[in-house]
Amino acid sequence: MKRIAVFPGSFDPFTIGHYGIVMRALGLFEEIIIAVGANALKKNHYSLDVRKEMIRKVFRDEPGIRVDHYEGLTVDYCRQNRAMYLLRGLRTAADFEFERAIAQVNKVLAPDVESVFLLTVPEHASINSTIVRDIIRSGGDASQFVPAVLNLSDYRGEDDGPG
């Protein structure tokens, strides 16, 4: 059976930390689905379509990567896509505690789906989408925190105003 992993997240925006986890996981799985969570209740900086476009650009030369979106339970999405693995990155002990709780609930909901955790490299441990988003919203240069192929000025945020 093909080893398929789902890497879920809001990816608002997709950071070098996310990129590092995916690139390291490519050797573990035959396919990785980067699944952007579509949550109407959450206020995102970038639209769902823009986030997917960014991620597709980053991985355009990686045949083992698929970019998609989903609503609802992540484990249901895994089952719909025959993914037996949920890929998550861990930066801190707080991340571990949060992700452990989710993984344990997911195990009850979907015993056939296994959570796989990769530690971020130390130089990416302080990078998260919230901080990067704050830099962008404040007019700062966040380019060092996103994959080099992305030029953030090419993408409009939903809260950037008219222009």
# chains A, B, ... in the order shown; residues from 1 in each chain; ligands from 1

$ residues_around --residues "Arg79 in chain A" --least-positions-apart "3" --cutoff "12 Å" --atoms "only C-alpha atoms" --output "list in words"
Ile4, Ala5, Val6, Leu73, Thr74, Val75, Asp76, Arg82, Ala83, Met84, Tyr85, Leu86, Asn106, Leu109, Ala110, Pro111, Asp112, Val113 and Glu114 of chain A

$ write_last_selection --atoms "all heavy atoms" --output "CSV table (one decimal), in the first residue's frame"
chain,number,residue,atom,x,y,z
A,4,ILE,N,1.0,7.3,2.2
A,4,ILE,CA,0.5,8.7,2.0
A,4,ILE,C,0.4,9.4,3.3
A,4,ILE,O,-0.2,8.8,4.3
A,4,ILE,CB,-0.8,8.7,1.2
A,4,ILE,CG1,-0.7,8.0,-0.1
A,4,ILE,CG2,-1.3,10.1,1.0
A,4,ILE,CD1,-2.1,7.7,-0.8
A,5,ALA,N,0.9,10.6,3.4
A,5,ALA,CA,0.8,11.4,4.6
A,5,ALA,C,0.1,12.7,4.3
A,5,ALA,O,0.2,13.3,3.2
A,5,ALA,CB,2.2,11.7,5.2
A,6,VAL,N,-0.7,13.1,5.3
A,6,VAL,CA,-1.3,14.5,5.2
A,6,VAL,C,-0.6,15.4,6.1
A,6,VAL,O,-0.4,15.1,7.3
A,6,VAL,CB,-2.8,14.4,5.6
A,6,VAL,CG1,-3.4,15.7,5.7
A,6,VAL,CG2,-3.6,13.6,4.5
A,73,LEU,N,-13.0,17.3,10.1
A,73,LEU,CA,-12.0,16.6,10.8
A,73,LEU,C,-10.9,16.1,9.9
A,73,LEU,O,-11.1,15.6,8.8
A,73,LEU,CB,-12.6,15.3,11.5
A,73,LEU,CG,-13.6,15.6,12.6
A,73,LEU,CD1,-14.2,14.3,13.1
A,73,LEU,CD2,-12.9,16.4,13.7
A,74,THR,N,-9.7,16.3,10.4
A,74,THR,CA,-8.5,16.0,9.6
A,74,THR,C,-8.4,14.4,9.4
A,74,THR,O,-8.1,14.0,8.3
A,74,THR,CB,-7.2,16.4,10.3
A,74,THR,OG1,-7.3,17.8,10.6
A,74,THR,CG2,-6.0,16.2,9.5
A,75,VAL,N,-8.8,13.7,10.4
A,75,VAL,CA,-8.8,12.2,10.2
A,75,VAL,C,-9.8,11.7,9.1
A,75,VAL,O,-9.5,10.8,8.4
A,75,VAL,CB,-9.0,11.4,11.5
A,75,VAL,CG1,-7.8,11.6,12.4
A,75,VAL,CG2,-10.3,11.8,12.2
A,76,ASP,N,-10.9,12.4,9.0
A,76,ASP,CA,-11.9,12.1,7.9
A,76,ASP,C,-11.3,12.4,6.6
A,76,ASP,O,-11.4,11.6,5.6
A,76,ASP,CB,-13.2,12.9,8.1
A,76,ASP,CG,-14.0,12.4,9.3
A,76,ASP,OD1,-13.8,11.3,9.8
A,76,ASP,OD2,-14.9,13.2,9.7
A,82,ARG,N,-7.1,8.0,1.5
A,82,ARG,CA,-6.3,6.8,1.8
A,82,ARG,C,-4.9,7.1,2.4
A,82,ARG,O,-3.9,6.4,2.2
A,82,ARG,CB,-6.1,6.0,0.6
A,82,ARG,CG,-7.4,5.4,0.1
A,82,ARG,CD,-7.1,4.2,-0.8
A,82,ARG,NE,-8.2,4.2,-1.8
A,82,ARG,CZ,-8.0,4.0,-3.1
A,82,ARG,NH1,-6.9,3.8,-3.6
A,82,ARG,NH2,-9.0,4.0,-3.9
A,83,ALA,N,-4.9,8.2,3.2
A,83,ALA,CA,-3.6,8.5,3.9
A,83,ALA,C,-3.6,7.9,5.3
A,83,ALA,O,-4.6,8.1,6.1
A,83,ALA,CB,-3.5,10.0,4.0
A,84,MET,N,-2.6,7.1,5.6
A,84,MET,CA,-2.5,6.4,6.8
A,84,MET,C,-1.7,7.2,7.9
A,84,MET,O,-1.5,6.7,9.0
A,84,MET,CB,-2.0,5.0,6.6
A,84,MET,CG,-2.7,4.2,5.6
A,84,MET,SD,-4.5,4.0,6.0
A,84,MET,CE,-4.5,3.2,7.5
A,85,TYR,N,-1.1,8.3,7.5
A,85,TYR,CA,-0.2,9.1,8.3
A,85,TYR,C,-0.6,10.6,8.3
A,85,TYR,O,-1.0,11.1,7.3
A,85,TYR,CB,1.2,8.9,7.8
A,85,TYR,CG,1.6,7.5,7.7
A,85,TYR,CD1,1.6,6.8,6.5
A,85,TYR,CD2,2.1,6.8,8.8
A,85,TYR,CE1,2.0,5.5,6.4
A,85,TYR,CE2,2.5,5.5,8.7
A,85,TYR,CZ,2.4,4.8,7.5
A,85,TYR,OH,2.8,3.5,7.4
A,86,LEU,N,-0.5,11.1,9.5
A,86,LEU,CA,-0.7,12.5,9.7
A,86,LEU,C,0.7,13.1,10.1
A,86,LEU,O,1.3,12.7,11.1
A,86,LEU,CB,-1.6,12.8,10.9
A,86,LEU,CG,-3.0,13.3,10.6
A,86,LEU,CD1,-3.9,13.3,11.8
A,86,LEU,CD2,-3.0,14.6,10.0
A,106,ASN,N,-7.3,11.8,17.9
A,106,ASN,CA,-7.3,11.3,16.5
A,106,ASN,C,-7.2,9.7,16.5
A,106,ASN,O,-7.9,9.1,15.7
A,106,ASN,CB,-6.2,11.9,15.6
A,106,ASN,CG,-6.6,13.3,15.2
A,106,ASN,OD1,-7.7,13.7,15.3
A,106,ASN,ND2,-5.5,14.0,14.8
A,109,LEU,N,-10.6,8.4,17.3
A,109,LEU,CA,-11.5,8.6,16.2
A,109,LEU,C,-11.1,7.7,14.9
A,109,LEU,O,-12.0,7.3,14.2
A,109,LEU,CB,-11.5,10.1,15.8
A,109,LEU,CG,-12.0,11.0,16.8
A,109,LEU,CD1,-11.8,12.5,16.3
A,109,LEU,CD2,-13.5,10.8,17.1
A,110,ALA,N,-9.8,7.6,14.7
A,110,ALA,CA,-9.3,6.8,13.5
A,110,ALA,C,-8.1,6.0,13.9
A,110,ALA,O,-7.0,6.4,13.7
A,110,ALA,CB,-9.0,7.8,12.4
A,111,PRO,N,-8.3,4.8,14.5
A,111,PRO,CA,-7.2,4.0,14.9
A,111,PRO,C,-6.2,3.6,13.8
A,111,PRO,O,-5.1,3.3,14.1
A,111,PRO,CB,-7.9,2.7,15.5
A,111,PRO,CG,-9.3,3.1,15.8
A,111,PRO,CD,-9.6,4.2,14.8
A,112,ASP,N,-6.7,3.7,12.6
A,112,ASP,CA,-5.8,3.3,11.4
A,112,ASP,C,-4.9,4.4,11.0
A,112,ASP,O,-4.0,4.2,10.1
A,112,ASP,CB,-6.7,2.8,10.3
A,112,ASP,CG,-7.8,3.8,9.9
A,112,ASP,OD1,-8.3,4.5,10.8
A,112,ASP,OD2,-8.2,3.8,8.7
A,113,VAL,N,-5.1,5.6,11.5
A,113,VAL,CA,-4.3,6.8,11.1
A,113,VAL,C,-3.2,7.0,12.1
A,113,VAL,O,-3.6,7.2,13.3
A,113,VAL,CB,-5.1,8.0,10.8
A,113,VAL,CG1,-4.2,9.2,10.5
A,113,VAL,CG2,-6.1,7.8,9.7
A,114,GLU,N,-2.0,7.0,11.7
A,114,GLU,CA,-0.9,7.2,12.7
A,114,GLU,C,-0.3,8.6,12.6
A,114,GLU,O,-0.1,9.1,11.5
A,114,GLU,CB,0.2,6.2,12.3
A,114,GLU,CG,1.2,6.0,13.4
A,114,GLU,CD,0.6,5.3,14.7
A,114,GLU,OE1,0.0,4.3,14.6
A,114,GLU,OE2,0.8,5.9,15.7

$ closest_atom_pairs --of "range 11-30 of chain A" --to "range 36-44 of chain A" --cutoff "10 Å" --atoms "only C-alpha atoms" --output "JSON lines"
{"residue": "A:Phe11", "atom": "CA", "partner": "A:Val36", "partner_atom": "CA", "distance": 6.7}
{"residue": "A:Asp12", "atom": "CA", "partner": "A:Asn44", "partner_atom": "CA", "distance": 6.6}
{"residue": "A:Pro13", "atom": "CA", "partner": "A:Asn44", "partner_atom": "CA", "distance": 9.1}
{"residue": "A:Phe14", "atom": "CA", "partner": "A:Val36", "partner_atom": "CA", "distance": 10.0}

$ residues_around --residues "Leu28 in chain A" --least-positions-apart "2" --cutoff "12 Å" --atoms "only C-alpha atoms" --output "number ranges by chain"
A: 2-5, 21-26, 30-32, 64, 85, 87, 116-118

$ closest_residue --among "A:Arg66, A:Arg137, A:Arg91, A:Gln104" --to "Lys52 in chain A" --atoms "only C-alpha atoms"
A:Arg66

$ atom_distance --atom1 "CA of Lys57 in chain A" --atom2 "CA of Pro147 in chain A"
9.9 Å

$ select_by_dssp --residues "range 13-138 of chain A" --states "strand (DSSP E)" --output "JSON, numbers by chain"
{"A": [31, 32, 33, 34, 35, 36, 37, 65, 66, 67, 68, 69, 70, 85, 86, 87, 88, 89, 90, 114, 115, 116, 117, 118, 119]}

$ write_last_selection --atoms "N, CA, C and O atoms" --output "compact mmCIF listing (two decimals), in the first residue's frame"
# COMPACT_ATOMS: atom_id res chain seq x y z
N GLU A 31 3.85 9.91 -1.02
CA GLU A 31 3.08 11.10 -1.36
C GLU A 31 2.79 11.86 -0.08
O GLU A 31 2.46 11.27 0.95
N ILE A 32 2.91 13.18 -0.15
CA ILE A 32 2.52 14.05 0.95
C ILE A 32 1.48 15.01 0.41
O ILE A 32 1.70 15.69 -0.59
N ILE A 33 0.34 15.03 1.09
CA ILE A 33 -0.72 15.96 0.74
C ILE A 33 -0.63 17.12 1.72
O ILE A 33 -0.83 16.93 2.93
N ILE A 34 -0.29 18.28 1.23
CA ILE A 34 -0.31 19.48 2.06
C ILE A 34 -1.74 19.98 2.02
O ILE A 34 -2.21 20.46 0.99
N ALA A 35 -2.45 19.80 3.13
CA ALA A 35 -3.88 20.07 3.19
C ALA A 35 -4.14 21.36 3.97
O ALA A 35 -3.94 21.40 5.18
N VAL A 36 -4.57 22.37 3.25
CA VAL A 36 -4.84 23.66 3.86
C VAL A 36 -6.24 23.60 4.47
O VAL A 36 -7.22 23.33 3.77
N GLY A 37 -6.31 23.83 5.77
CA GLY A 37 -7.60 23.81 6.45
C GLY A 37 -8.41 25.04 6.08
O GLY A 37 -7.93 26.17 6.18
N ILE A 65 4.39 15.65 -4.04
CA ILE A 65 3.62 16.60 -3.23
C ILE A 65 2.32 16.96 -3.94
O ILE A 65 2.32 17.27 -5.14
N ARG A 66 1.23 16.91 -3.19
CA ARG A 66 -0.06 17.38 -3.70
C ARG A 66 -0.58 18.44 -2.74
O ARG A 66 -0.43 18.31 -1.53
N VAL A 67 -1.17 19.48 -3.27
CA VAL A 67 -1.73 20.56 -2.45
C VAL A 67 -3.25 20.52 -2.59
O VAL A 67 -3.78 20.43 -3.69
N ASP A 68 -3.93 20.56 -1.45
CA ASP A 68 -5.38 20.47 -1.44
C ASP A 68 -5.90 21.29 -0.26
O ASP A 68 -5.11 21.91 0.46
N HIS A 69 -7.20 21.29 -0.06
CA HIS A 69 -7.78 21.92 1.11
C HIS A 69 -8.91 21.03 1.62
O HIS A 69 -9.37 20.13 0.92
N TYR A 70 -9.31 21.29 2.85
CA TYR A 70 -10.37 20.48 3.44
C TYR A 70 -11.09 21.27 4.52
O TYR A 70 -10.58 22.27 5.03
N TYR A 85 -1.15 8.33 7.45
CA TYR A 85 -0.24 9.08 8.32
C TYR A 85 -0.62 10.56 8.35
O TYR A 85 -0.97 11.14 7.33
N LEU A 86 -0.52 11.12 9.53
CA LEU A 86 -0.69 12.55 9.74
C LEU A 86 0.68 13.10 10.11
O LEU A 86 1.26 12.68 11.12
N LEU A 87 1.20 14.01 9.34
CA LEU A 87 2.52 14.58 9.56
C LEU A 87 2.39 15.91 10.30
O LEU A 87 1.60 16.76 9.90
N ARG A 88 3.17 16.06 11.36
CA ARG A 88 3.16 17.30 12.12
C ARG A 88 4.59 17.66 12.50
O ARG A 88 5.43 16.79 12.74
N GLY A 89 4.86 18.95 12.56
CA GLY A 89 6.16 19.45 13.00
C GLY A 89 6.08 19.93 14.43
O GLY A 89 5.05 20.46 14.87
N LEU A 90 7.16 19.72 15.16
CA LEU A 90 7.24 20.16 16.56
C LEU A 90 8.40 21.12 16.72
O LEU A 90 9.53 20.80 16.37
N GLU A 114 -1.97 7.03 11.74
CA GLU A 114 -0.85 7.19 12.68
C GLU A 114 -0.30 8.62 12.57
O GLU A 114 -0.05 9.11 11.47
N SER A 115 -0.10 9.26 13.71
CA SER A 115 0.52 10.59 13.72
C SER A 115 2.04 10.42 13.74
O SER A 115 2.58 9.61 14.50
N VAL A 116 2.70 11.20 12.90
CA VAL A 116 4.17 11.17 12.79
C VAL A 116 4.67 12.58 13.06
O VAL A 116 4.23 13.54 12.40
N PHE A 117 5.59 12.71 14.00
CA PHE A 117 6.11 14.02 14.38
C PHE A 117 7.57 14.15 13.97
O PHE A 117 8.37 13.25 14.21
N LEU A 118 7.90 15.28 13.38
CA LEU A 118 9.29 15.62 13.08
C LEU A 118 9.64 16.89 13.83
O LEU A 118 8.85 17.85 13.83
N LEU A 119 10.80 16.89 14.45
CA LEU A 119 11.28 18.09 15.12
C LEU A 119 11.81 19.06 14.09
O LEU A 119 12.49 18.67 13.14

$ select_by_dssp --residues "range 42-86 of chain A" --states "alpha helix (DSSP H)" --output "number ranges by chain"
A: 48-58, 74-80

$ closest_residue --among "A:Met54, A:Leu48, A:Cys78, A:Ile16" --to "Leu152 in chain A" --atoms "only C-alpha atoms"
A:Met54

$ residues_around --residues "Ala125 in chain A" --least-positions-apart "2" --cutoff "9 Å" --atoms "only C-alpha atoms" --output "number ranges by chain"
A: 17, 90-92, 119-123, 127-128

$ write_last_selection --atoms "N, CA, C and O atoms" --output "PDB file, in the first residue's frame"
ATOM      1  N   GLY A  17       9.866  26.909   8.014  1.00  0.00           N
ATOM      2  CA  GLY A  17       9.710  25.799   8.960  1.00  0.00           C
ATOM      3  C   GLY A  17       8.828  24.699   8.379  1.00  0.00           C
ATOM      4  O   GLY A  17       9.164  23.516   8.458  1.00  0.00           O
ATOM      5  N   LEU A  90       7.162  19.724  15.161  1.00  0.00           N
ATOM      6  CA  LEU A  90       7.236  20.156  16.555  1.00  0.00           C
ATOM      7  C   LEU A  90       8.398  21.120  16.725  1.00  0.00           C
ATOM      8  O   LEU A  90       9.531  20.803  16.369  1.00  0.00           O
ATOM      9  N   ARG A  91       8.096  22.297  17.283  1.00  0.00           N
ATOM     10  CA  ARG A  91       9.135  23.293  17.551  1.00  0.00           C
ATOM     11  C   ARG A  91       9.523  23.314  19.017  1.00  0.00           C
ATOM     12  O   ARG A  91      10.675  23.503  19.362  1.00  0.00           O
ATOM     13  N   THR A  92       8.525  23.169  19.886  1.00  0.00           N
ATOM     14  CA  THR A  92       8.740  23.371  21.322  1.00  0.00           C
ATOM     15  C   THR A  92       8.037  22.280  22.131  1.00  0.00           C
ATOM     16  O   THR A  92       7.222  21.520  21.616  1.00  0.00           O
ATOM     17  N   LEU A 119      10.799  16.885  14.450  1.00  0.00           N
ATOM     18  CA  LEU A 119      11.276  18.088  15.124  1.00  0.00           C
ATOM     19  C   LEU A 119      11.805  19.064  14.086  1.00  0.00           C
ATOM     20  O   LEU A 119      12.493  18.667  13.139  1.00  0.00           O
ATOM     21  N   THR A 120      11.502  20.337  14.267  1.00  0.00           N
ATOM     22  CA  THR A 120      12.071  21.343  13.371  1.00  0.00           C
ATOM     23  C   THR A 120      13.570  21.450  13.650  1.00  0.00           C
ATOM     24  O   THR A 120      14.036  21.107  14.745  1.00  0.00           O
ATOM     25  N   VAL A 121      14.297  21.909  12.677  1.00  0.00           N
ATOM     26  CA  VAL A 121      15.714  22.172  12.903  1.00  0.00           C
ATOM     27  C   VAL A 121      15.815  23.376  13.837  1.00  0.00           C
ATOM     28  O   VAL A 121      14.927  24.238  13.846  1.00  0.00           O
ATOM     29  N   PRO A 122      16.856  23.457  14.656  1.00  0.00           N
ATOM     30  CA  PRO A 122      16.941  24.525  15.659  1.00  0.00           C
ATOM     31  C   PRO A 122      16.772  25.938  15.091  1.00  0.00           C
ATOM     32  O   PRO A 122      16.116  26.775  15.722  1.00  0.00           O
ATOM     33  N   GLU A 123      17.298  26.185  13.927  1.00  0.00           N
ATOM     34  CA  GLU A 123      17.209  27.549  13.375  1.00  0.00           C
ATOM     35  C   GLU A 123      15.797  27.943  12.946  1.00  0.00           C
ATOM     36  O   GLU A 123      15.526  29.113  12.698  1.00  0.00           O
ATOM     37  N   ILE A 127      10.226  30.228  14.395  1.00  0.00           N
ATOM     38  CA  ILE A 127       9.418  30.727  13.280  1.00  0.00           C
ATOM     39  C   ILE A 127       8.030  30.090  13.313  1.00  0.00           C
ATOM     40  O   ILE A 127       7.901  28.874  13.366  1.00  0.00           O
ATOM     41  N   ASN A 128       7.019  30.943  13.277  1.00  0.00           N
ATOM     42  CA  ASN A 128       5.657  30.448  13.121  1.00  0.00           C
ATOM     43  C   ASN A 128       4.860  31.423  12.268  1.00  0.00           C
ATOM     44  O   ASN A 128       5.245  32.581  12.110  1.00  0.00           O
TER      45      ASN A 128
END

$ atom_distance --atom1 "CA of Ser129 in chain A" --atom2 "CA of Asp141 in chain A"
13.9 Å

$ closest_residue --among "A:Ile102, A:Arg133, A:Ser143, A:Pro63" --to "Ser10 in chain A" --atoms "only C-alpha atoms"
A:Arg133

$ atom_distance --atom1 "CA of Val132 in chain A" --atom2 "CA of Val146 in chain A"
8.4 Å

$ decode --residues "range 54-150 of chain A" --atoms "C-alpha atoms" --output "PDB file, in the first residue's frame"
ATOM      1  CA  MET A  54       1.966  29.782  -2.800  1.00  0.00           C
ATOM      2  CA  ILE A  55       2.465  26.170  -1.710  1.00  0.00           C
ATOM      3  CA  ARG A  56       2.078  24.865  -5.274  1.00  0.00           C
ATOM      4  CA  LYS A  57       4.758  27.310  -6.401  1.00  0.00           C
ATOM      5  CA  VAL A  58       7.134  26.125  -3.670  1.00  0.00           C
ATOM      6  CA  PHE A  59       6.708  22.460  -4.639  1.00  0.00           C
ATOM      7  CA  ARG A  60       6.133  22.750  -8.391  1.00  0.00           C
ATOM      8  CA  ASP A  61       9.097  20.430  -9.094  1.00  0.00           C
ATOM      9  CA  GLU A  62       8.205  17.829  -6.444  1.00  0.00           C
ATOM     10  CA  PRO A  63       6.015  15.066  -7.930  1.00  0.00           C
ATOM     11  CA  GLY A  64       5.404  13.506  -4.518  1.00  0.00           C
ATOM     12  CA  ILE A  65       3.617  16.604  -3.227  1.00  0.00           C
ATOM     13  CA  ARG A  66      -0.061  17.380  -3.701  1.00  0.00           C
ATOM     14  CA  VAL A  67      -1.733  20.561  -2.450  1.00  0.00           C
ATOM     15  CA  ASP A  68      -5.384  20.469  -1.440  1.00  0.00           C
ATOM     16  CA  HIS A  69      -7.783  21.919   1.114  1.00  0.00           C
ATOM     17  CA  TYR A  70     -10.372  20.485   3.437  1.00  0.00           C
ATOM     18  CA  GLU A  71     -13.036  21.300   5.992  1.00  0.00           C
ATOM     19  CA  GLY A  72     -14.013  19.175   8.946  1.00  0.00           C
ATOM     20  CA  LEU A  73     -12.002  16.568  10.795  1.00  0.00           C
ATOM     21  CA  THR A  74      -8.478  15.952   9.594  1.00  0.00           C
ATOM     22  CA  VAL A  75      -8.794  12.196  10.175  1.00  0.00           C
ATOM     23  CA  ASP A  76     -11.879  12.106   7.920  1.00  0.00           C
ATOM     24  CA  TYR A  77      -9.855  13.860   5.233  1.00  0.00           C
ATOM     25  CA  CYS A  78      -7.062  11.291   5.718  1.00  0.00           C
ATOM     26  CA  ARG A  79      -9.484   8.417   5.226  1.00  0.00           C
ATOM     27  CA  GLN A  80     -11.030  10.019   2.118  1.00  0.00           C
ATOM     28  CA  ASN A  81      -7.534  10.226   0.602  1.00  0.00           C
ATOM     29  CA  ARG A  82      -6.281   6.815   1.814  1.00  0.00           C
ATOM     30  CA  ALA A  83      -3.629   8.529   3.915  1.00  0.00           C
ATOM     31  CA  MET A  84      -2.540   6.421   6.848  1.00  0.00           C
ATOM     32  CA  TYR A  85      -0.241   9.079   8.319  1.00  0.00           C
ATOM     33  CA  LEU A  86      -0.690  12.546   9.743  1.00  0.00           C
ATOM     34  CA  LEU A  87       2.523  14.584   9.558  1.00  0.00           C
ATOM     35  CA  ARG A  88       3.165  17.296  12.123  1.00  0.00           C
ATOM     36  CA  GLY A  89       6.158  19.450  12.997  1.00  0.00           C
ATOM     37  CA  LEU A  90       7.236  20.156  16.555  1.00  0.00           C
ATOM     38  CA  ARG A  91       9.135  23.293  17.551  1.00  0.00           C
ATOM     39  CA  THR A  92       8.740  23.371  21.322  1.00  0.00           C
ATOM     40  CA  ALA A  93       7.619  21.362  24.329  1.00  0.00           C
ATOM     41  CA  ALA A  94       4.343  23.309  24.206  1.00  0.00           C
ATOM     42  CA  ASP A  95       3.853  22.141  20.606  1.00  0.00           C
ATOM     43  CA  PHE A  96       4.464  18.580  21.744  1.00  0.00           C
ATOM     44  CA  GLU A  97       1.835  18.749  24.500  1.00  0.00           C
ATOM     45  CA  PHE A  98      -0.735  20.299  22.145  1.00  0.00           C
ATOM     46  CA  GLU A  99      -0.011  17.866  19.290  1.00  0.00           C
ATOM     47  CA  ARG A 100       0.073  14.856  21.635  1.00  0.00           C
ATOM     48  CA  ALA A 101      -3.439  15.626  22.860  1.00  0.00           C
ATOM     49  CA  ILE A 102      -4.736  15.967  19.302  1.00  0.00           C
ATOM     50  CA  ALA A 103      -2.946  12.779  18.207  1.00  0.00           C
ATOM     51  CA  GLN A 104      -4.459  10.814  21.074  1.00  0.00           C
ATOM     52  CA  VAL A 105      -7.980  11.984  20.211  1.00  0.00           C
ATOM     53  CA  ASN A 106      -7.328  11.253  16.527  1.00  0.00           C
ATOM     54  CA  LYS A 107      -6.211   7.743  17.480  1.00  0.00           C
ATOM     55  CA  VAL A 108      -9.571   7.139  19.139  1.00  0.00           C
ATOM     56  CA  LEU A 109     -11.471   8.581  16.156  1.00  0.00           C
ATOM     57  CA  ALA A 110      -9.341   6.831  13.528  1.00  0.00           C
ATOM     58  CA  PRO A 111      -7.212   3.970  14.925  1.00  0.00           C
ATOM     59  CA  ASP A 112      -5.829   3.281  11.425  1.00  0.00           C
ATOM     60  CA  VAL A 113      -4.271   6.756  11.065  1.00  0.00           C
ATOM     61  CA  GLU A 114      -0.852   7.194  12.676  1.00  0.00           C
ATOM     62  CA  SER A 115       0.524  10.588  13.723  1.00  0.00           C
ATOM     63  CA  VAL A 116       4.169  11.171  12.795  1.00  0.00           C
ATOM     64  CA  PHE A 117       6.107  14.019  14.383  1.00  0.00           C
ATOM     65  CA  LEU A 118       9.286  15.615  13.078  1.00  0.00           C
ATOM     66  CA  LEU A 119      11.276  18.088  15.124  1.00  0.00           C
ATOM     67  CA  THR A 120      12.071  21.343  13.371  1.00  0.00           C
ATOM     68  CA  VAL A 121      15.714  22.172  12.903  1.00  0.00           C
ATOM     69  CA  PRO A 122      16.941  24.525  15.659  1.00  0.00           C
ATOM     70  CA  GLU A 123      17.209  27.549  13.375  1.00  0.00           C
ATOM     71  CA  HIS A 124      13.482  27.283  12.535  1.00  0.00           C
ATOM     72  CA  ALA A 125      12.250  26.709  16.100  1.00  0.00           C
ATOM     73  CA  SER A 126      11.196  30.335  16.626  1.00  0.00           C
ATOM     74  CA  ILE A 127       9.418  30.727  13.280  1.00  0.00           C
ATOM     75  CA  ASN A 128       5.657  30.448  13.121  1.00  0.00           C
ATOM     76  CA  SER A 129       2.973  31.761  10.801  1.00  0.00           C
ATOM     77  CA  THR A 130       1.567  34.147  13.412  1.00  0.00           C
ATOM     78  CA  ILE A 131       4.873  35.985  13.783  1.00  0.00           C
ATOM     79  CA  VAL A 132       5.450  36.041  10.014  1.00  0.00           C
ATOM     80  CA  ARG A 133       1.909  37.334   9.457  1.00  0.00           C
ATOM     81  CA  ASP A 134       2.485  40.112  12.010  1.00  0.00           C
ATOM     82  CA  ILE A 135       5.669  41.153  10.214  1.00  0.00           C
ATOM     83  CA  ILE A 136       3.792  41.265   6.889  1.00  0.00           C
ATOM     84  CA  ARG A 137       0.819  43.197   8.325  1.00  0.00           C
ATOM     85  CA  SER A 138       3.216  45.722   9.865  1.00  0.00           C
ATOM     86  CA  GLY A 139       4.961  46.330   6.551  1.00  0.00           C
ATOM     87  CA  GLY A 140       8.172  44.518   7.475  1.00  0.00           C
ATOM     88  CA  ASP A 141      10.310  42.247   5.314  1.00  0.00           C
ATOM     89  CA  ALA A 142       9.353  38.647   6.069  1.00  0.00           C
ATOM     90  CA  SER A 143      11.191  37.158   3.077  1.00  0.00           C
ATOM     91  CA  GLN A 144      13.781  35.372   5.207  1.00  0.00           C
ATOM     92  CA  PHE A 145      11.000  33.394   6.921  1.00  0.00           C
ATOM     93  CA  VAL A 146       9.318  31.986   3.795  1.00  0.00           C
ATOM     94  CA  PRO A 147      10.737  29.729   1.063  1.00  0.00           C
ATOM     95  CA  ALA A 148      13.038  31.696  -1.249  1.00  0.00           C
ATOM     96  CA  VAL A 149      10.881  31.062  -4.328  1.00  0.00           C
ATOM     97  CA  LEU A 150       8.063  33.134  -2.793  1.00  0.00           C
TER      98      LEU A 150
END
